[in-house]
Amino acid sequence: MNDSTIVTDSVKRFKWVGTRPIRPDGVPKVTGRAMYGADLKLPGMIYGKVLRSPHAHARILKIDTSKAEALPGVKAVCTSADLPEQKNEFIGPERVAVNFWHVTRNILAREKALYEGHAIAAVAATSASIAEEAAALIEVTYEVLPHVIDVDEAMKPGAPLLFEDMKTRGVEPEPAGFSNIAKRLEFVMGDIEKGFASADVVIEKEFTTAAVHQGYIEPHACVAKMEADGQGEIWSSSQGHFQIRALTAKLLGCKIGDLRVSPAEIGGGFGGKTIAYLEPIAAVLSRKSGLPVRLQMTREDVFKGTGPTSGSSMWAKVGVTKDGKIVAADAIFRFQAGAHPGSPVMNACLCSYSPYDIPNARAVGYDVVSNRPKAAAYRAPGSPIGHYAVESVIDMCAKAIGMDPLELRIKNVAGIGTPTIAGPKHAHAGFMETLQALKAHPAYANPPTGANQGRGVAVGYWFNGGGESSATLSVNADGTVLVATGSPDIGGSRASMAIMAAETLGVDYNLVRAIVADTGSIGYTHVTGGSRVTFATGTAVVNATKTIVKDLCRRAAMIWDVDPEGVIWEDGFAKPAGANVGDFKPMSLPEIAGKAAATGGPITATAGVNAGAQAPGFGAHFVDVEIDPETGRCDILRYVAAQDVGRAIHPSYVEGQIQGGVVQGIGWALNEEYIYNDKGLLDNAGFLDYRCPVASDIPMIETILVEVPNPVHPYGAKGVGEVNICPPMAAIANAIESATHTRMTHLPMSPPRVLAAMSGGK
Amino acid sequence: MTARVVFTSGFARKYTNGVREFDVEATNLRGVIKAMEGYFPGIGHALEEETNVAINGELHETGYFQLVPPDAEVFFIPRIEGG
């Protein structure tokens with residue numbers, strides 16, 4: 001199990017919230033019967049294959065598909081010519097501004113191939129092997145162009161341009177020239193110069209991080225079936241089937257209502273499955289062939305053709321007084337966007353200082369395109385990268401003034417009313433409580449003392465999300481309850497939704513079943529991402545359940561022939577109240593459900609919410625490491641993660657989220673990286689060479705669940721899925737520094753790099 | 001009831017001639033957006049499409065229905081999404 005501690009000051013006791021029932025999706029998963037994206041097979045289904053660019057950067061002069069089309073068994077071939085052109089304009093807010101001119105070019109390349117693995121064309125045939133053979137028969141004439149991979153190189157004047165007419169947004173006046181810098185951002189508060197002038201110690205440092213992939217186990221896969229009347233169905237493994245429907249409709253030029261998308265079971269996403277890659281292509285192939293088409297990626301496709309998170313080049317500077325007050329901070333974040341604009345650099349700007357009360361701060365961000373796959377969201381996108389730089393420098397400041405690194409953070413922690421660099425003041429508590437809980441861990445007072453051992457501390461902040469969600473509850477004739485939502489279950493949401501419904505109804509959790517409904521069966525629900533589902537979809541579930549409770553009281557009143565006001569709902573029973581007390585025996589949910597027809601028909605309720613006032617995520621970690629002085633290998637001896645979780649609806653899942661985020665952070669810190677050769681081609685597109693941590697690499701991650709309830713959620717829940725990946729990289733770098741007196745300024749801190757740094761090299 | 005409306009400097013440069021703070025009479029976000037639209041025609045669409053909003057620090061998607069308490073700070077910030 002788990003060395004978990006729950007720190008709570010709650011006096012309220014719940015029947016189901018906070019318990020650990022067996023996960024409802026467990027049996028089909030462990031018996032291999034769960035239906036993932038590639039498991040659906042329809043009658044007449046054919047198989048697709050995407051042809052991908054072998055070049056990092058090349059102009060596409062001609063695509064000849066005639067030989068592929070002539071191959072027996074081939075039913076359809078498609079290129080970008082089969083998708084309508086889109087306007088070159090950014091729609092929506094900065095961080096998520098969508099430019100469909102770019103999106104459609106990422107789905108299928110048009111004028112240029114912008115990275116190795118860029119989709120160029122696709123075929124569908126009666127077997128996967130014929131499809132593969134046909135894809136190889138597509139003749140593409142390329143003019144190979146100079147490429148640029150590194151973010152700093154891409155920003156230099158004279159760098160190969162991915163888009164010859166791209167100007168940097170966010171710069172006034174508009175630049176005269178063209179650039180790979182898609183956007184510049186700047187956020188400021190206070191007076192930077194004055195702040196640094198008041199500091200006793202000022203430390204600055206440059207950092208770089210490698211692009212890393214989300215590493216989900218299940219490659220992207222879908223089945224599309226388009227009909228002659230223009231309507232269609234898609235089965236897809238994604239973090240949001242409503243998002244898949246909207247993107248596919250936009251890229252195909254059809255109406256949203258003409259598509260129905262069903263969620264498959266999902267084998268991991270971590271942000272990387274919030275967008276569409278295959279679905280529009282599969283839909284085109286199905287439309288052209290008149291047959292259902294399955295399209296799935298190989299692991300190599302996933303690495304080369306889907307978005308990792310950004311690599312970066314950063315500079316951070318922090319000023320502190322001798323007594324430990326952080327008085328100023330400054331940073332520049334240069335993020336790889338990949339081949340199209342849209343890195344999460346804004347989040348790095350906004351999150352990196354948010355744990356603290358820093359009166360004077362500035363954050364500058366650059367969104368930079370280069371010949372890599374377009375960056376996609378990855379767990380608290382952008383925040384972990386920024387935290388790596390800022391938390392490293394804050395650690396250096398702590399050492400410089402001789403203060404315990406956790407004490408320095410406690411001394412400067414933000415609270416309710418502390419301004420953030422985004423502008424608004426913090427509105428939720430929990431940061432200080434989390435730091436104190438970490439400090440109170442029995443091991444904190446006993447840092448490792450062995451040779452080449454050291455301890456590091458770091459914290460992390462993430463906004464967390466809210467937004468639109470829908471839920472429908474239906475009571476069956478025997479009193480069992482169905483909870484349907486539109487949120488794909490990645491982190492245990494079926495269990496948490498059922499728990500919240502059972503708690504609100506006062507019935508046994510085992511009588512409640514939760515499902516993820518398709519786009520034709522439930523109202524719009526935003527993606528499972530941003531740590532939003534337990535908060536937002538959970539609120540919708542509780543609201544729908546409360547409507548059901550009112551309806552049950554109304555029906556009981558009808559059965560007893562009393563006024564509805566004379567009935568209350570308590571512990572799963574309708575009970576007479578007021579003047580009716582003692583007149584009737586409490587009536588159970590099954591009893592009322594059995595009279596559904598007589599009392600007005602099916603007992604069902606739907607709720608839709610746009611949930612706001614979500615509380616942010618905050619985590620504080622310490623890690624003990626030992627460095628092998630001969631190889632540079634970093635062993636994680638102990639890892640303790642404290643996180644403000646609001647209220648743990650199902651603590652085992654919450655612990656799993658924290659442990660998962662930490663392990664991904666350990667991989668990001670120590671081993672994972674995209675390695676490109678001098679031709680701009682990816683050299684490690686597989687799990688053998690792209691080294692994710694495995695169970696034998698790490699100890700049990702110890703978790704501390706700090707419960708500072710969110711007052712606006714019915715049960716106090718806060719998002720828990722993302723902030724846990726923010727501290728590990730800095731915490732481990734700080735631990736390595738403690739162990740070796742060597743500051744690591746590049747991720748990953750792989751053994752050769754640690755060894756070289758210890759030897760005085762970079 | 002009066003609310004203090006605050007924009008980021010970038011948004012203010014683009015839509016309000018650089019002025020970052022306004023006092024408006026409103027009880028919900030619809031009222032705030034309507035009041036700002038009165039000052040700067042077209043800004044309402046930008047607020048709805050480009051921003052999130054923090055009402056006394058509490059983050060929301062920019063909509064109409066959210067209540068604005070008396071003397072609240074209504075801070076419009078760039079929209080944020082996660083992974």
# chains A, B, ... in the order shown; residues from 1 in each chain; ligands from 1
$ residues_around --residues "A:Gly520" --least-positions-apart "3" --cutoff "10 Å" --atoms "only C-alpha atoms" --output "list in words"
Glu233, Phe242, Gly257, Leu259, Arg260, Val261, Ser262, Ala517, Gly523 and Tyr524 of chain A
$ write_last_selection --atoms "N, CA and C atoms" --output "compact mmCIF listing (two decimals), in the first residue's frame"
# COMPACT_ATOMS: atom_id res chain seq x y z
N GLU A 233 -19.81 8.85 -36.46
CA GLU A 233 -19.50 8.48 -35.09
C GLU A 233 -18.01 8.22 -34.96
N PHE A 242 -15.82 15.59 -25.96
CA PHE A 242 -16.46 16.79 -26.50
C PHE A 242 -15.44 17.65 -27.24
N GLY A 257 -23.18 18.94 -34.33
CA GLY A 257 -24.28 18.02 -34.08
C GLY A 257 -24.30 16.82 -35.01
N LEU A 259 -21.72 14.94 -35.47
CA LEU A 259 -20.75 13.96 -34.96
C LEU A 259 -21.15 13.49 -33.57
N ARG A 260 -20.98 12.22 -33.35
CA ARG A 260 -21.18 11.66 -32.00
C ARG A 260 -19.88 10.96 -31.63
N VAL A 261 -19.33 11.32 -30.49
CA VAL A 261 -18.04 10.75 -30.08
C VAL A 261 -18.21 9.99 -28.77
N SER A 262 -17.75 8.74 -28.79
CA SER A 262 -17.83 7.89 -27.60
C SER A 262 -16.45 7.75 -26.98
N ALA A 517 -20.46 9.02 -20.21
CA ALA A 517 -21.42 8.96 -21.32
C ALA A 517 -20.86 9.65 -22.57
N GLY A 523 -24.75 16.26 -21.44
CA GLY A 523 -24.44 17.63 -21.84
C GLY A 523 -22.95 17.89 -21.94
N TYR A 524 -22.62 19.02 -22.54
CA TYR A 524 -21.22 19.37 -22.76
C TYR A 524 -20.41 19.30 -21.46
$ interface_residues --of "chain B" --to "chain A" --cutoff "6 Å" --atoms "only C-alpha atoms" --output "list in words"
Glu49, Glu50, Gly57, Glu58, Leu59, His60, Phe75, Arg79, Gly82 and Gly83 of chain B
$ residues_around --residues "B:Val32" --least-positions-apart "4" --cutoff "12 Å" --atoms "only C-alpha atoms" --output "compact mmCIF listing (two decimals) with N, CA and C atoms, in the first residue's frame"
# COMPACT_ATOMS: atom_id res chain seq x y z
N MET B 1 -24.21 48.85 -6.43
CA MET B 1 -23.03 48.62 -5.61
C MET B 1 -21.77 48.73 -6.47
N THR B 2 -20.73 49.28 -5.91
CA THR B 2 -19.54 49.58 -6.70
C THR B 2 -18.55 48.42 -6.66
N ALA B 3 -18.01 48.11 -7.83
CA ALA B 3 -16.93 47.12 -7.92
C ALA B 3 -15.73 47.79 -8.57
N ARG B 4 -14.56 47.38 -8.13
CA ARG B 4 -13.33 47.88 -8.73
C ARG B 4 -12.90 46.87 -9.81
N VAL B 5 -12.91 47.32 -11.07
CA VAL B 5 -12.51 46.47 -12.19
C VAL B 5 -11.05 46.73 -12.50
N VAL B 6 -10.27 45.65 -12.63
CA VAL B 6 -8.83 45.79 -12.91
C VAL B 6 -8.47 44.93 -14.12
N PHE B 22 -11.06 50.69 -13.06
CA PHE B 22 -12.33 51.40 -13.21
C PHE B 22 -13.23 51.03 -12.03
N ASP B 23 -14.08 51.97 -11.66
CA ASP B 23 -15.15 51.67 -10.70
C ASP B 23 -16.46 51.59 -11.46
N VAL B 24 -17.17 50.50 -11.30
CA VAL B 24 -18.46 50.34 -12.00
C VAL B 24 -19.53 49.91 -11.01
N GLU B 25 -20.75 50.21 -11.35
CA GLU B 25 -21.89 49.78 -10.55
C GLU B 25 -22.40 48.46 -11.12
N ALA B 26 -22.33 47.41 -10.35
CA ALA B 26 -22.80 46.11 -10.85
C ALA B 26 -22.99 45.15 -9.69
N THR B 27 -23.89 44.22 -9.89
CA THR B 27 -24.09 43.18 -8.87
C THR B 27 -23.69 41.80 -9.39
N ASN B 28 -23.50 41.71 -10.71
CA ASN B 28 -23.00 40.45 -11.27
C ASN B 28 -22.09 40.76 -12.45
N MET B 36 -18.55 48.13 -18.75
CA MET B 36 -17.32 48.36 -19.50
C MET B 36 -17.60 48.55 -20.99
N GLU B 37 -18.58 47.82 -21.48
CA GLU B 37 -18.97 47.96 -22.87
C GLU B 37 -19.46 49.39 -23.14
N GLY B 38 -20.10 49.98 -22.12
CA GLY B 38 -20.55 51.36 -22.25
C GLY B 38 -19.39 52.33 -22.40
N TYR B 39 -18.29 52.04 -21.71
CA TYR B 39 -17.10 52.89 -21.84
C TYR B 39 -16.34 52.62 -23.14
N ILE B 43 -15.43 45.95 -26.04
CA ILE B 43 -14.57 45.32 -25.02
C ILE B 43 -15.26 44.10 -24.39
N GLY B 44 -16.58 44.11 -24.40
CA GLY B 44 -17.31 42.99 -23.79
C GLY B 44 -16.97 41.68 -24.46
N LEU B 47 -13.57 40.58 -23.40
CA LEU B 47 -13.56 40.04 -22.03
C LEU B 47 -14.10 38.61 -22.00
N GLU B 48 -15.15 38.38 -22.75
CA GLU B 48 -15.76 37.05 -22.74
C GLU B 48 -14.86 36.02 -23.42
N VAL B 53 -11.60 35.50 -14.89
CA VAL B 53 -11.81 36.62 -13.98
C VAL B 53 -11.61 36.13 -12.55
N ILE B 55 -12.76 37.23 -8.89
CA ILE B 55 -13.61 38.11 -8.08
C ILE B 55 -13.15 37.95 -6.64
N THR B 62 -14.95 33.72 -17.36
CA THR B 62 -15.69 34.97 -17.50
C THR B 62 -17.07 34.69 -18.09
N GLY B 63 -18.10 34.93 -17.28
CA GLY B 63 -19.47 34.68 -17.72
C GLY B 63 -20.35 35.84 -17.32
N TYR B 64 -21.63 35.59 -17.21
CA TYR B 64 -22.58 36.63 -16.82
C TYR B 64 -23.09 36.41 -15.40
N PHE B 65 -23.18 35.13 -15.00
CA PHE B 65 -23.99 34.78 -13.85
C PHE B 65 -23.30 34.99 -12.51
N GLN B 66 -21.97 35.13 -12.54
CA GLN B 66 -21.27 35.20 -11.25
C GLN B 66 -21.63 36.48 -10.50
N LEU B 67 -21.89 36.34 -9.23
CA LEU B 67 -22.25 37.49 -8.40
C LEU B 67 -21.01 38.31 -8.05
N VAL B 68 -21.21 39.61 -7.97
CA VAL B 68 -20.12 40.53 -7.60
C VAL B 68 -20.52 41.20 -6.28
N PRO B 69 -19.87 40.84 -5.18
CA PRO B 69 -20.22 41.43 -3.88
C PRO B 69 -19.88 42.93 -3.84
N ALA B 72 -16.20 44.66 -4.38
CA ALA B 72 -15.34 43.56 -4.83
C ALA B 72 -14.27 44.06 -5.80
N GLU B 73 -13.15 43.34 -5.81
CA GLU B 73 -12.15 43.54 -6.86
C GLU B 73 -12.43 42.51 -7.95
N VAL B 74 -12.64 42.99 -9.16
CA VAL B 74 -12.94 42.12 -10.29
C VAL B 74 -11.75 42.22 -11.25
N PHE B 75 -10.89 41.22 -11.21
CA PHE B 75 -9.62 41.29 -11.94
C PHE B 75 -9.68 40.35 -13.13
N PHE B 76 -9.60 40.90 -14.32
CA PHE B 76 -9.62 40.08 -15.54
C PHE B 76 -8.18 39.70 -15.90
$ atom_distance --atom1 "atom CA of A:Val364" --atom2 "atom CA of A:Met189"
12.1 Å
$ residues_around --residues "stretch 727-740 of chain A" --least-positions-apart "5" --cutoff "7 Å" --atoms "only C-alpha atoms" --output "list in words"
Pro384, His387, Tyr388, Glu391, Ser392, Asp395, Asn452, Gln453, Gly454, Arg455, Gly456, Val457, Ala458, Val459, Gly460, Ala620, His621, Phe622, Val623, Asp624, Val625, Glu626, Ile627, Val662, Gly665, Ile666, Trp668 and Ala669 of chain A
$ atom_distance --atom1 "atom CA of A:Ile649" --atom2 "atom CA of A:Ala717"
7.1 Å
$ select_by_dssp --residues "stretch 564-760 of chain A" --states "helix (DSSP H, G or I)" --output "ChimeraX atom specification"
/A:564-566,578-580,589-593,651-670,695-697,723-725,728-740,751-758
$ closest_residue --among "A:Thr321, A:Gln86, A:Thr534, A:Thr8" --to "A:His650" --atoms "only C-alpha atoms"
A:Thr534
$ residues_around --residues "stretch 429-439 of chain A" --least-positions-apart "2" --cutoff "10 Å" --atoms "only C-alpha atoms" --output "compact mmCIF listing (two decimals) with C-alpha atoms, in the first residue's frame"
# COMPACT_ATOMS: atom_id res chain seq x y z
CA THR A 5 -0.57 10.50 6.30
CA ILE A 6 -3.78 12.51 6.28
CA VAL A 7 -3.57 15.82 8.08
CA THR A 8 -7.04 17.20 8.69
CA PRO A 355 3.87 30.19 -3.65
CA TYR A 356 5.46 33.31 -2.18
CA LEU A 406 11.98 24.88 4.28
CA GLU A 407 12.20 27.69 6.85
CA ARG A 409 9.84 29.04 2.28
CA ILE A 410 7.73 29.19 5.44
CA LYS A 411 8.99 32.70 6.07
CA ASN A 412 7.92 33.85 2.61
CA VAL A 413 4.84 31.74 1.94
CA ALA A 414 1.81 33.38 0.36
CA GLY A 415 -1.53 33.44 2.12
CA ILE A 416 -5.01 34.81 1.60
CA GLY A 417 -4.66 38.35 0.29
CA HIS A 426 -4.69 34.72 -3.37
CA ALA A 427 -8.12 33.76 -2.05
CA HIS A 441 7.22 14.71 9.02
CA PRO A 442 9.35 12.61 11.39
CA ALA A 443 12.16 12.27 8.87
CA TYR A 444 12.55 15.99 8.24
CA ALA A 445 14.52 16.46 11.43
CA VAL A 457 13.36 20.80 -0.77
CA VAL A 459 7.47 23.64 -3.59
CA GLY A 460 5.03 23.98 -6.45
CA TYR A 461 1.91 25.91 -7.38
CA ALA A 615 -8.79 26.55 -5.08
CA PRO A 616 -5.25 26.26 -6.42
CA GLY A 617 -2.97 23.30 -5.89
CA PHE A 618 0.04 23.60 -3.61
CA GLY A 619 2.67 20.97 -2.89
CA ALA A 620 5.85 20.86 -0.83
CA HIS A 621 8.35 18.03 -1.17
CA PHE A 622 11.63 16.86 0.26
CA VAL A 640 8.06 12.78 0.85
CA ALA A 641 5.32 14.84 -0.81
CA ALA A 642 2.85 16.99 1.10
CA GLN A 643 -0.08 18.47 -0.80
CA ASP A 644 -3.14 20.52 0.05
CA VAL A 645 -5.93 18.32 -1.30
CA GLY A 646 -8.92 20.17 0.14
CA THR A 703 2.40 11.19 0.77
CA ILE A 704 0.95 13.67 3.22
CA LEU A 705 -2.62 14.65 2.36
CA VAL A 706 -3.22 18.05 3.91
CA GLU A 707 -6.95 18.73 4.13
CA VAL A 708 -7.77 22.42 4.04
CA PRO A 709 -11.27 22.19 2.54
CA ASN A 710 -12.33 24.36 -0.36
$ closest_residue --among "A:Ala210, A:Ala246, A:Ile725, A:Leu162" --to "A:Ser312" --atoms "only C-alpha atoms"
A:Ala210
$ atom_distance --atom1 "atom CA of A:Ile592" --atom2 "atom CA of A:Asp478"
9.2 Å
$ closest_residue --among "B:Gly31, B:Pro78, B:Gly10, B:Pro70" --to "B:Thr51" --atoms "only C-alpha atoms"
B:Pro78
$ select_by_dssp --residues "stretch 431-609 of chain A" --states "strand (DSSP E)" --output "PyMOL selection string"
chain A and resi 453-462+467-475+481-485+512-516+567-570+573-576+587-588+603-609
$ write_last_selection --atoms "N, CA and C atoms" --output "compact mmCIF listing (two decimals), in the first residue's frame"
# COMPACT_ATOMS: atom_id res chain seq x y z
N GLN A 453 25.45 11.75 0.12
CA GLN A 453 24.00 11.85 0.30
C GLN A 453 23.61 13.30 0.56
N GLY A 454 22.40 13.63 0.17
CA GLY A 454 21.94 14.99 0.40
C GLY A 454 20.43 15.07 0.34
N ARG A 455 19.93 16.20 0.81
CA ARG A 455 18.48 16.43 0.83
C ARG A 455 18.15 17.70 0.05
N GLY A 456 17.03 17.66 -0.64
CA GLY A 456 16.55 18.85 -1.33
C GLY A 456 15.08 19.10 -1.01
N VAL A 457 14.73 20.37 -1.03
CA VAL A 457 13.36 20.80 -0.77
C VAL A 457 12.90 21.66 -1.93
N ALA A 458 11.64 21.56 -2.30
CA ALA A 458 11.07 22.49 -3.27
C ALA A 458 9.56 22.49 -3.11
N VAL A 459 8.93 23.55 -3.63
CA VAL A 459 7.47 23.64 -3.59
C VAL A 459 6.95 23.86 -5.00
N GLY A 460 5.64 23.76 -5.15
CA GLY A 460 5.03 23.98 -6.45
C GLY A 460 3.62 24.54 -6.32
N TYR A 461 3.23 25.29 -7.34
CA TYR A 461 1.91 25.91 -7.38
C TYR A 461 1.26 25.64 -8.73
N TRP A 462 -0.03 25.37 -8.70
CA TRP A 462 -0.79 25.26 -9.95
C TRP A 462 -2.18 25.83 -9.74
N GLY A 467 -14.86 25.21 -14.55
CA GLY A 467 -15.47 25.22 -15.88
C GLY A 467 -16.68 24.34 -16.01
N GLU A 468 -17.00 24.05 -17.28
CA GLU A 468 -18.29 23.45 -17.60
C GLU A 468 -18.29 21.92 -17.48
N SER A 469 -19.31 21.42 -16.81
CA SER A 469 -19.50 19.98 -16.66
C SER A 469 -20.98 19.66 -16.56
N SER A 470 -21.31 18.45 -16.95
CA SER A 470 -22.70 17.98 -16.87
C SER A 470 -22.75 16.63 -16.15
N ALA A 471 -23.88 16.39 -15.52
CA ALA A 471 -24.10 15.09 -14.87
C ALA A 471 -25.59 14.76 -14.90
N THR A 472 -25.88 13.49 -15.05
CA THR A 472 -27.26 13.01 -14.99
C THR A 472 -27.33 11.85 -14.00
N LEU A 473 -28.29 11.92 -13.09
CA LEU A 473 -28.54 10.80 -12.18
C LEU A 473 -29.87 10.16 -12.53
N SER A 474 -29.91 8.85 -12.50
CA SER A 474 -31.16 8.13 -12.71
C SER A 474 -31.29 7.06 -11.64
N VAL A 475 -32.46 6.96 -11.07
CA VAL A 475 -32.73 5.94 -10.05
C VAL A 475 -33.44 4.78 -10.73
N VAL A 481 -28.58 3.32 -8.41
CA VAL A 481 -28.48 4.67 -8.98
C VAL A 481 -27.40 4.69 -10.06
N LEU A 482 -27.72 5.32 -11.17
CA LEU A 482 -26.74 5.49 -12.24
C LEU A 482 -26.31 6.95 -12.27
N VAL A 483 -24.99 7.17 -12.24
CA VAL A 483 -24.44 8.52 -12.37
C VAL A 483 -23.72 8.59 -13.71
N ALA A 484 -24.19 9.43 -14.61
CA ALA A 484 -23.52 9.59 -15.90
C ALA A 484 -22.90 10.98 -15.96
N THR A 485 -21.63 11.04 -16.37
CA THR A 485 -20.98 12.34 -16.57
C THR A 485 -20.29 12.33 -17.93
N VAL A 512 -24.47 2.54 -6.21
CA VAL A 512 -24.31 3.63 -7.18
C VAL A 512 -23.27 3.22 -8.23
N ARG A 513 -23.65 3.32 -9.49
CA ARG A 513 -22.72 3.02 -10.57
C ARG A 513 -22.47 4.29 -11.36
N ALA A 514 -21.22 4.56 -11.68
CA ALA A 514 -20.89 5.76 -12.46
C ALA A 514 -20.35 5.35 -13.82
N ILE A 515 -20.80 6.06 -14.85
CA ILE A 515 -20.30 5.80 -16.20
C ILE A 515 -19.87 7.12 -16.85
N VAL A 516 -19.10 6.97 -17.94
CA VAL A 516 -18.74 8.12 -18.76
C VAL A 516 -19.58 8.04 -20.03
N VAL A 567 -41.95 16.46 4.51
CA VAL A 567 -41.06 15.31 4.32
C VAL A 567 -39.61 15.80 4.27
N ILE A 568 -38.74 15.11 4.97
CA ILE A 568 -37.30 15.41 4.87
C ILE A 568 -36.57 14.16 4.39
N TRP A 569 -35.35 14.36 3.90
CA TRP A 569 -34.51 13.24 3.46
C TRP A 569 -33.36 13.09 4.44
N GLU A 570 -33.18 11.91 4.99
CA GLU A 570 -32.15 11.70 6.00
C GLU A 570 -31.62 10.28 5.91
N PHE A 573 -33.32 7.85 3.57
CA PHE A 573 -34.76 7.60 3.76
C PHE A 573 -35.55 8.92 3.70
N ALA A 574 -36.76 8.82 3.13
CA ALA A 574 -37.72 9.92 3.29
C ALA A 574 -38.38 9.73 4.65
N LYS A 575 -38.42 10.84 5.41
CA LYS A 575 -38.99 10.73 6.76
C LYS A 575 -40.04 11.83 6.94
N PRO A 576 -41.11 11.49 7.64
CA PRO A 576 -42.11 12.52 7.91
C PRO A 576 -41.52 13.58 8.85
N MET A 587 -39.36 5.87 4.52
CA MET A 587 -39.46 5.14 3.26
C MET A 587 -38.09 5.15 2.56
N SER A 588 -37.64 3.97 2.17
CA SER A 588 -36.30 3.85 1.58
C SER A 588 -36.32 4.24 0.11
N ILE A 603 -37.35 8.59 -12.26
CA ILE A 603 -36.70 9.50 -11.31
C ILE A 603 -35.32 9.82 -11.87
N THR A 604 -35.18 11.00 -12.41
CA THR A 604 -33.92 11.37 -13.04
C THR A 604 -33.73 12.87 -12.94
N ALA A 605 -32.47 13.28 -12.92
CA ALA A 605 -32.17 14.72 -12.84
C ALA A 605 -30.83 14.99 -13.52
N THR A 606 -30.77 16.13 -14.14
CA THR A 606 -29.54 16.54 -14.83
C THR A 606 -29.10 17.89 -14.28
N ALA A 607 -27.80 18.05 -14.17
CA ALA A 607 -27.27 19.34 -13.75
C ALA A 607 -26.12 19.73 -14.66
N GLY A 608 -26.09 20.99 -15.00
CA GLY A 608 -24.95 21.54 -15.74
C GLY A 608 -24.39 22.70 -14.94
N VAL A 609 -23.06 22.78 -14.86
CA VAL A 609 -22.45 23.86 -14.08
C VAL A 609 -21.32 24.50 -14.89
$ closest_residue --among "A:Pro308, A:Pro263, A:Met35, A:Leu552" --to "A:Gly486" --atoms "only C-alpha atoms"
A:Pro263
$ closest_residue --among "B:Ala46, B:Ile80, B:Ile33, B:Ala12" --to "B:Glu61" --atoms "only C-alpha atoms"
B:Ile80
$ decode --residues "stretch 5-17 of chain B" --atoms "N, CA and C atoms" --output "PDB file, in the first residue's frame"
ATOM      1  N   VAL B   5     -12.907  47.315 -11.065  1.00  0.00           N
ATOM      2  CA  VAL B   5     -12.510  46.465 -12.190  1.00  0.00           C
ATOM      3  C   VAL B   5     -11.045  46.731 -12.502  1.00  0.00           C
ATOM      4  N   VAL B   6     -10.266  45.649 -12.635  1.00  0.00           N
ATOM      5  CA  VAL B   6      -8.834  45.789 -12.911  1.00  0.00           C
ATOM      6  C   VAL B   6      -8.468  44.930 -14.115  1.00  0.00           C
ATOM      7  N   PHE B   7      -7.664  45.497 -15.006  1.00  0.00           N
ATOM      8  CA  PHE B   7      -7.150  44.762 -16.166  1.00  0.00           C
ATOM      9  C   PHE B   7      -5.641  44.623 -16.062  1.00  0.00           C
ATOM     10  N   THR B   8      -5.087  43.613 -16.749  1.00  0.00           N
ATOM     11  CA  THR B   8      -3.631  43.546 -16.873  1.00  0.00           C
ATOM     12  C   THR B   8      -3.176  44.701 -17.760  1.00  0.00           C
ATOM     13  N   SER B   9      -1.903  45.046 -17.641  1.00  0.00           N
ATOM     14  CA  SER B   9      -1.412  46.185 -18.424  1.00  0.00           C
ATOM     15  C   SER B   9      -1.525  45.905 -19.918  1.00  0.00           C
ATOM     16  N   GLY B  10      -1.273  44.641 -20.328  1.00  0.00           N
ATOM     17  CA  GLY B  10      -1.369  44.303 -21.752  1.00  0.00           C
ATOM     18  C   GLY B  10      -2.791  44.468 -22.265  1.00  0.00           C
ATOM     19  N   PHE B  11      -3.747  44.005 -21.508  1.00  0.00           N
ATOM     20  CA  PHE B  11      -5.151  44.126 -21.923  1.00  0.00           C
ATOM     21  C   PHE B  11      -5.555  45.602 -21.951  1.00  0.00           C
ATOM     22  N   ALA B  12      -5.084  46.342 -20.949  1.00  0.00           N
ATOM     23  CA  ALA B  12      -5.432  47.763 -20.879  1.00  0.00           C
ATOM     24  C   ALA B  12      -4.846  48.534 -22.060  1.00  0.00           C
ATOM     25  N   ARG B  13      -3.618  48.199 -22.424  1.00  0.00           N
ATOM     26  CA  ARG B  13      -3.011  48.875 -23.588  1.00  0.00           C
ATOM     27  C   ARG B  13      -3.847  48.644 -24.830  1.00  0.00           C
ATOM     28  N   LYS B  14      -4.363  47.405 -24.934  1.00  0.00           N
ATOM     29  CA  LYS B  14      -5.072  47.027 -26.156  1.00  0.00           C
ATOM     30  C   LYS B  14      -6.480  47.616 -26.213  1.00  0.00           C
ATOM     31  N   TYR B  15      -7.137  47.706 -25.068  1.00  0.00           N
ATOM     32  CA  TYR B  15      -8.579  48.006 -25.119  1.00  0.00           C
ATOM     33  C   TYR B  15      -9.001  49.272 -24.369  1.00  0.00           C
ATOM     34  N   THR B  16      -8.210  49.762 -23.416  1.00  0.00           N
ATOM     35  CA  THR B  16      -8.703  50.879 -22.588  1.00  0.00           C
ATOM     36  C   THR B  16      -7.704  52.031 -22.532  1.00  0.00           C
ATOM     37  N   ASN B  17      -6.955  52.203 -23.593  1.00  0.00           N
ATOM     38  CA  ASN B  17      -5.973  53.297 -23.675  1.00  0.00           C
ATOM     39  C   ASN B  17      -5.007  53.265 -22.491  1.00  0.00           C
TER      40      ASN B  17
END
